[in-house]
Amino acid sequence: MKKIISLITSAILIACALTGCGGNKESVATDGSTSMNKVIGALGEAFENETGITVTYNATGSGAGIQAVLEGRCDIGLSSRNLKDEEKANGLEGTILAFDGIAIIVNPNNPVSDLDIDTLAKIYTGEIKNWKEIGGNDAEIVLIGREANSGTRDGFESITDTKDKCKYRQELTSTGDVITTVASNPGAIGYASLASVKNNVKALTIGGVVASEETIKDGSYVVQRPFVLVTKKDTALPESAQKFFDYITSDAADEIISSTGVVPAN
Amino acid sequence: MKKNRLFENIVHGIFLILGLITVGCVLLITVYLIISGIPAIKEIGLFNFLFGKEWASTAPEPKYGILPFILTSVYGTAGAILIGVPIGFFTAVYLSKVANKKVRAVIEASVNLLAGIPSVVYGLVGMLVLVPAIREFFNIPDGASLFAAIIVLAIMILPNIIKVSITALDAVPKEYEDASLALGATPTETFFRVSVPAAKSGIAAAVVLGVGRAIGEAMAVMMVAGNVANMPSLFESVRFLTTAVASEMAYSSPGSLQRNALFSIALVLFLFIMLINATLNFFLKRNKEK
């Protein structure tokens, strides 16, 4: 009997040590936009090195992150779109951390390298169907997009004013899938956050403006969206979360934010 | 003696509890799905929900019609069965009756390996190899389509069909075949006139199992089907019942009509799978009674 009791106690102790139910408050939980993976990862690492407080990040998507804040499942929600009015009415508050440029990507073999935003809207609403109409090859334009509710899709559609009018050929569920698909189809066009674009696809210039940190910061590159930190308006953050919040919105964090390919807001 | 019986009783009790956990899970899921699936159907209307041709859950005036998803799932599964069953069936006949031991061991090992490949890997290979190949072969602008999903599903259900059919064919008493051969039938005639009819309910069960796997698959088809809520057509981008739930669930806010409608889709899928299970049980029972 004694043996069993001691066994159970030790098992509980081990379980506690593993899950950290001993009341380790020195951690900050963030939850939300998959596009903010890089920037939050880099900031969290720097913050941990400086203070020893760990930052956890759950990549669930903007909507889910906002929901998590509302339900108190995380300290700071991450959203790659501005808060909706109904979300603000629920007592949430958004602080812009950075701006993310949305790159318009095509296959590297596509001769088209510049579009203006109206043409882009016409392409995505199906008014322009063939690349030859805008000086490209004689090939049907294949529209690649993200699933409904995705922060990137929402950003793209609100910027180009094509909300719910896009005639997608494919609705993929991650940035990586979009890039892979565009890279493998010569007629495809897609959108993805600038930070994730690699050499296997070509980023178009919009109205002659290259998507870059400077052009996003000065506003001349128009396809861009904010990265927002979501918190509850009336409830104070836990001490460690407040420290993290102050740290990432301070000037000291700017360098880290820019190193991840997005443009700091302040 | 008494102590022994106590021990037996305790062990029986533990097994009973473990068994009840499974039953409890099924009940919990069923009840939960029904409770959370009914409200949206009530709000949208059963007819509009099941036979509506348009799905636009995030539009300012949302539309929740899942007919495209239902038809896509049915066509996709039917297509996979059409391709997968003949291949699987003949493979099973070959392995069970014709192949020598070494060949059978090698092929069976690969079939088992095929069964163990995670669906995301099927999806990835489909996306990188199959989709571009379909695009070039059929000379269409984009290869992500119902057709791509059918091919992927057909490959995914092969192991199920082959393994269950082999078990059924192996169970055919050797005397049947010997009698047929003794009467002068050729081996091929024996296999298809004697062995296969004797194993037919087992083979039917294999097909039903394949249907179940195909209709429930989400990850692999999500990566190759394009996921646009079109009415199904072979070379168009389509969305299945499973992917409709999977691609929007993470974003929908709890309590919203969108989330409830996703639960209703899950309920419809659940009913389909219950139906398939009932059919499977029917075949298996008939098999036993023989």
# chains A, B, ... in the order shown; residues from 1 in each chain; ligands from 1

$ interface_residues --of "chain B" --to "chain A" --cutoff "10 Å" --atoms "only C-alpha atoms" --output "compact mmCIF listing (two decimals) with N, CA, C and O atoms, in the first residue's frame"
# COMPACT_ATOMS: atom_id res chain seq x y z
N ALA B 56 -21.38 31.00 -49.55
CA ALA B 56 -20.56 32.21 -49.38
C ALA B 56 -20.71 32.65 -47.94
O ALA B 56 -21.51 33.50 -47.61
N SER B 57 -19.92 32.00 -47.06
CA SER B 57 -20.14 32.19 -45.63
C SER B 57 -19.67 33.53 -45.12
O SER B 57 -20.08 33.98 -44.06
N THR B 58 -18.77 34.20 -45.86
CA THR B 58 -18.24 35.46 -45.34
C THR B 58 -18.78 36.66 -46.08
O THR B 58 -18.39 37.78 -45.80
N ALA B 59 -19.66 36.44 -47.05
CA ALA B 59 -20.22 37.56 -47.79
C ALA B 59 -21.13 38.38 -46.86
O ALA B 59 -21.58 37.88 -45.84
N PRO B 60 -21.36 39.65 -47.22
CA PRO B 60 -22.25 40.47 -46.40
C PRO B 60 -23.64 39.82 -46.25
O PRO B 60 -24.25 39.91 -45.20
N LEU B 124 0.81 16.23 -50.53
CA LEU B 124 1.99 16.96 -50.97
C LEU B 124 2.49 16.45 -52.32
O LEU B 124 2.75 17.24 -53.24
N MET B 127 0.15 17.51 -54.96
CA MET B 127 0.25 18.93 -55.29
C MET B 127 1.47 19.21 -56.16
O MET B 127 1.41 20.01 -57.09
N LEU B 128 2.58 18.55 -55.85
CA LEU B 128 3.82 18.87 -56.56
C LEU B 128 4.00 18.09 -57.85
O LEU B 128 4.67 18.55 -58.77
N VAL B 129 3.41 16.89 -57.93
CA VAL B 129 3.63 16.06 -59.11
C VAL B 129 2.35 15.90 -59.93
O VAL B 129 2.32 16.21 -61.13
N VAL B 131 -0.76 17.41 -59.81
CA VAL B 131 -1.49 18.59 -60.30
C VAL B 131 -0.81 19.20 -61.53
O VAL B 131 -1.47 19.43 -62.55
N PRO B 132 0.51 19.46 -61.49
CA PRO B 132 1.16 19.97 -62.71
C PRO B 132 1.07 18.98 -63.88
O PRO B 132 0.91 19.40 -65.03
N ARG B 135 -2.27 19.25 -65.45
CA ARG B 135 -2.36 20.51 -66.19
C ARG B 135 -1.74 20.36 -67.58
O ARG B 135 -2.31 20.77 -68.58
N GLU B 136 -0.56 19.73 -67.61
CA GLU B 136 0.12 19.62 -68.91
C GLU B 136 -0.51 18.57 -69.80
O GLU B 136 -0.68 18.77 -70.99
N ILE B 140 -4.95 22.10 -69.67
CA ILE B 140 -5.90 23.02 -69.04
C ILE B 140 -5.10 24.02 -68.21
O ILE B 140 -3.93 23.76 -67.88
N PRO B 141 -5.70 25.19 -67.88
CA PRO B 141 -4.92 26.21 -67.18
C PRO B 141 -4.42 25.77 -65.81
O PRO B 141 -3.35 26.18 -65.39
N ASP B 142 -5.19 24.95 -65.10
CA ASP B 142 -4.75 24.56 -63.77
C ASP B 142 -5.18 23.12 -63.48
O ASP B 142 -6.27 22.71 -63.85
N GLY B 143 -4.30 22.36 -62.84
CA GLY B 143 -4.56 20.94 -62.65
C GLY B 143 -5.32 20.60 -61.37
O GLY B 143 -5.78 19.48 -61.21
N ALA B 144 -5.41 21.55 -60.43
CA ALA B 144 -6.09 21.26 -59.17
C ALA B 144 -7.58 21.11 -59.45
O ALA B 144 -8.24 22.07 -59.80
N SER B 145 -8.10 19.90 -59.30
CA SER B 145 -9.46 19.64 -59.76
C SER B 145 -10.03 18.40 -59.11
O SER B 145 -9.33 17.68 -58.39
N MET B 222 -7.71 18.37 -49.73
CA MET B 222 -7.61 19.82 -49.55
C MET B 222 -6.43 20.37 -50.36
O MET B 222 -6.48 21.48 -50.85
N MET B 223 -5.38 19.57 -50.49
CA MET B 223 -4.18 20.07 -51.15
C MET B 223 -4.23 19.94 -52.67
O MET B 223 -3.45 20.59 -53.36
N VAL B 224 -5.13 19.11 -53.19
CA VAL B 224 -5.14 18.92 -54.64
C VAL B 224 -6.43 19.35 -55.34
O VAL B 224 -6.48 19.43 -56.56
N ALA B 225 -7.50 19.63 -54.55
CA ALA B 225 -8.79 19.87 -55.19
C ALA B 225 -9.08 21.34 -55.47
O ALA B 225 -10.04 21.66 -56.15
N GLY B 226 -8.26 22.25 -54.94
CA GLY B 226 -8.46 23.67 -55.22
C GLY B 226 -9.39 24.40 -54.27
O GLY B 226 -9.29 25.60 -54.11
N ASN B 227 -10.34 23.65 -53.66
CA ASN B 227 -11.19 24.19 -52.59
C ASN B 227 -12.10 25.36 -52.93
O ASN B 227 -12.42 26.15 -52.07
N VAL B 228 -12.49 25.52 -54.17
CA VAL B 228 -13.47 26.57 -54.45
C VAL B 228 -14.85 25.91 -54.49
O VAL B 228 -15.01 24.83 -55.06
N ALA B 229 -15.83 26.58 -53.88
CA ALA B 229 -17.16 25.96 -53.74
C ALA B 229 -17.94 25.98 -55.05
O ALA B 229 -19.01 26.56 -55.13
N ASN B 230 -17.40 25.35 -56.09
CA ASN B 230 -18.12 25.25 -57.37
C ASN B 230 -19.00 24.01 -57.37
O ASN B 230 -18.74 23.07 -56.65
N GLU B 236 -12.69 21.10 -62.82
CA GLU B 236 -12.83 22.36 -62.10
C GLU B 236 -12.38 22.17 -60.66
O GLU B 236 -12.33 21.06 -60.14
N SER B 237 -12.05 23.31 -60.06
CA SER B 237 -11.71 23.32 -58.66
C SER B 237 -12.97 23.04 -57.84
O SER B 237 -14.01 23.62 -58.10
N VAL B 238 -12.88 22.14 -56.87
CA VAL B 238 -14.06 21.76 -56.10
C VAL B 238 -13.76 21.70 -54.60
O VAL B 238 -12.60 21.65 -54.21
N ARG B 239 -14.81 21.72 -53.81
CA ARG B 239 -14.63 21.60 -52.37
C ARG B 239 -15.46 20.43 -51.83
O ARG B 239 -16.64 20.32 -52.14
N ALA B 244 -14.65 21.54 -46.59
CA ALA B 244 -15.47 22.70 -46.27
C ALA B 244 -15.41 22.97 -44.78
O ALA B 244 -15.28 24.11 -44.33
N ALA B 246 -13.00 21.77 -42.67
CA ALA B 246 -11.62 21.97 -42.22
C ALA B 246 -11.09 23.36 -42.56
O ALA B 246 -10.37 23.96 -41.78
N SER B 247 -11.45 23.89 -43.73
CA SER B 247 -10.80 25.13 -44.13
C SER B 247 -11.40 26.35 -43.44
O SER B 247 -10.77 27.39 -43.39
N GLU B 248 -12.62 26.23 -42.89
CA GLU B 248 -13.20 27.43 -42.28
C GLU B 248 -13.32 27.35 -40.76
O GLU B 248 -13.55 28.36 -40.10
N MET B 249 -13.18 26.13 -40.22
CA MET B 249 -13.45 25.95 -38.79
C MET B 249 -12.58 26.85 -37.91
O MET B 249 -13.06 27.46 -36.97
N ALA B 250 -11.31 26.96 -38.23
CA ALA B 250 -10.39 27.69 -37.36
C ALA B 250 -10.76 29.17 -37.28
O ALA B 250 -10.44 29.84 -36.31
N TYR B 251 -11.42 29.66 -38.30
CA TYR B 251 -11.67 31.10 -38.35
C TYR B 251 -13.02 31.51 -37.81
O TYR B 251 -13.21 32.64 -37.38
N SER B 252 -13.99 30.59 -37.90
CA SER B 252 -15.36 31.00 -37.56
C SER B 252 -15.46 31.23 -36.06
O SER B 252 -14.89 30.50 -35.27
N SER B 253 -16.20 32.26 -35.67
CA SER B 253 -16.29 32.51 -34.23
C SER B 253 -17.43 31.69 -33.65
O SER B 253 -18.47 31.52 -34.28
N PRO B 254 -17.22 31.16 -32.42
CA PRO B 254 -18.20 30.28 -31.79
C PRO B 254 -19.55 30.98 -31.68
O PRO B 254 -19.62 32.16 -31.36

$ select_by_dssp --residues "stretch 61-222 of chain A" --states "helix (DSSP H, G or I)" --output "ChimeraX atom specification"
/A:62-70,85-89,117-124,131-134,151-160,175-184,194-196,213-217

$ closest_residue --among "A:Glu48, A:Asp251, A:Glu239, A:Asp154" --to "A:Leu83" --atoms "only C-alpha atoms"
A:Asp154

$ residues_around --residues "stretch 178-189 of chain B" --least-positions-apart "5" --cutoff "12 Å" --atoms "only C-alpha atoms" --output "list of chain:residue names"
B:Phe90, B:Val93, B:Tyr94, B:Lys97, B:Val98, B:Val172, B:Pro173, B:Val194, B:Ser195, B:Val196, B:Pro197

$ residues_around --residues "B:Tyr75" --least-positions-apart "6" --cutoff "12 Å" --atoms "only C-alpha atoms" --output "MDAnalysis selection string"
chainID B and resid 67:69 81:82 146:147 149:150 153 211 214:215 231:234 238:241

$ atom_distance --atom1 "atom CA of B:Gly210" --atom2 "atom CA of B:Ile117"
15.8 Å

$ atom_distance --atom1 "atom CA of B:Asn281" --atom2 "atom CA of B:Ala206"
11.5 Å

$ residues_around --residues "B:Leu33" --least-positions-apart "4" --cutoff "6 Å" --atoms "only C-alpha atoms" --output "ChimeraX atom specification"
/B:29,37,267

$ write_last_selection --atoms "N, CA, C and O atoms" --output "PDB file, in the first residue's frame"
ATOM      1  N   ILE B  29     -19.791  12.237 -29.208  1.00  0.00           N
ATOM      2  CA  ILE B  29     -19.621  12.893 -30.500  1.00  0.00           C
ATOM      3  C   ILE B  29     -20.965  12.999 -31.222  1.00  0.00           C
ATOM      4  O   ILE B  29     -21.317  14.045 -31.768  1.00  0.00           O
ATOM      5  N   GLY B  37     -25.358  20.785 -34.648  1.00  0.00           N
ATOM      6  CA  GLY B  37     -25.638  20.830 -36.078  1.00  0.00           C
ATOM      7  C   GLY B  37     -27.052  21.251 -36.412  1.00  0.00           C
ATOM      8  O   GLY B  37     -27.308  21.774 -37.499  1.00  0.00           O
ATOM      9  N   LEU B 267     -22.406  17.166 -39.532  1.00  0.00           N
ATOM     10  CA  LEU B 267     -23.514  16.252 -39.231  1.00  0.00           C
ATOM     11  C   LEU B 267     -23.921  15.479 -40.485  1.00  0.00           C
ATOM     12  O   LEU B 267     -24.139  14.262 -40.438  1.00  0.00           O
TER      13      LEU B 267
END

$ residues_around --residues "B:Phe47" --least-positions-apart "4" --cutoff "12 Å" --atoms "only C-alpha atoms" --output "list in words"
Ile41, Lys42, Glu43, Phe51, Gly52, Lys53, Tyr64, Gly65, Ile66 and Leu67 of chain B
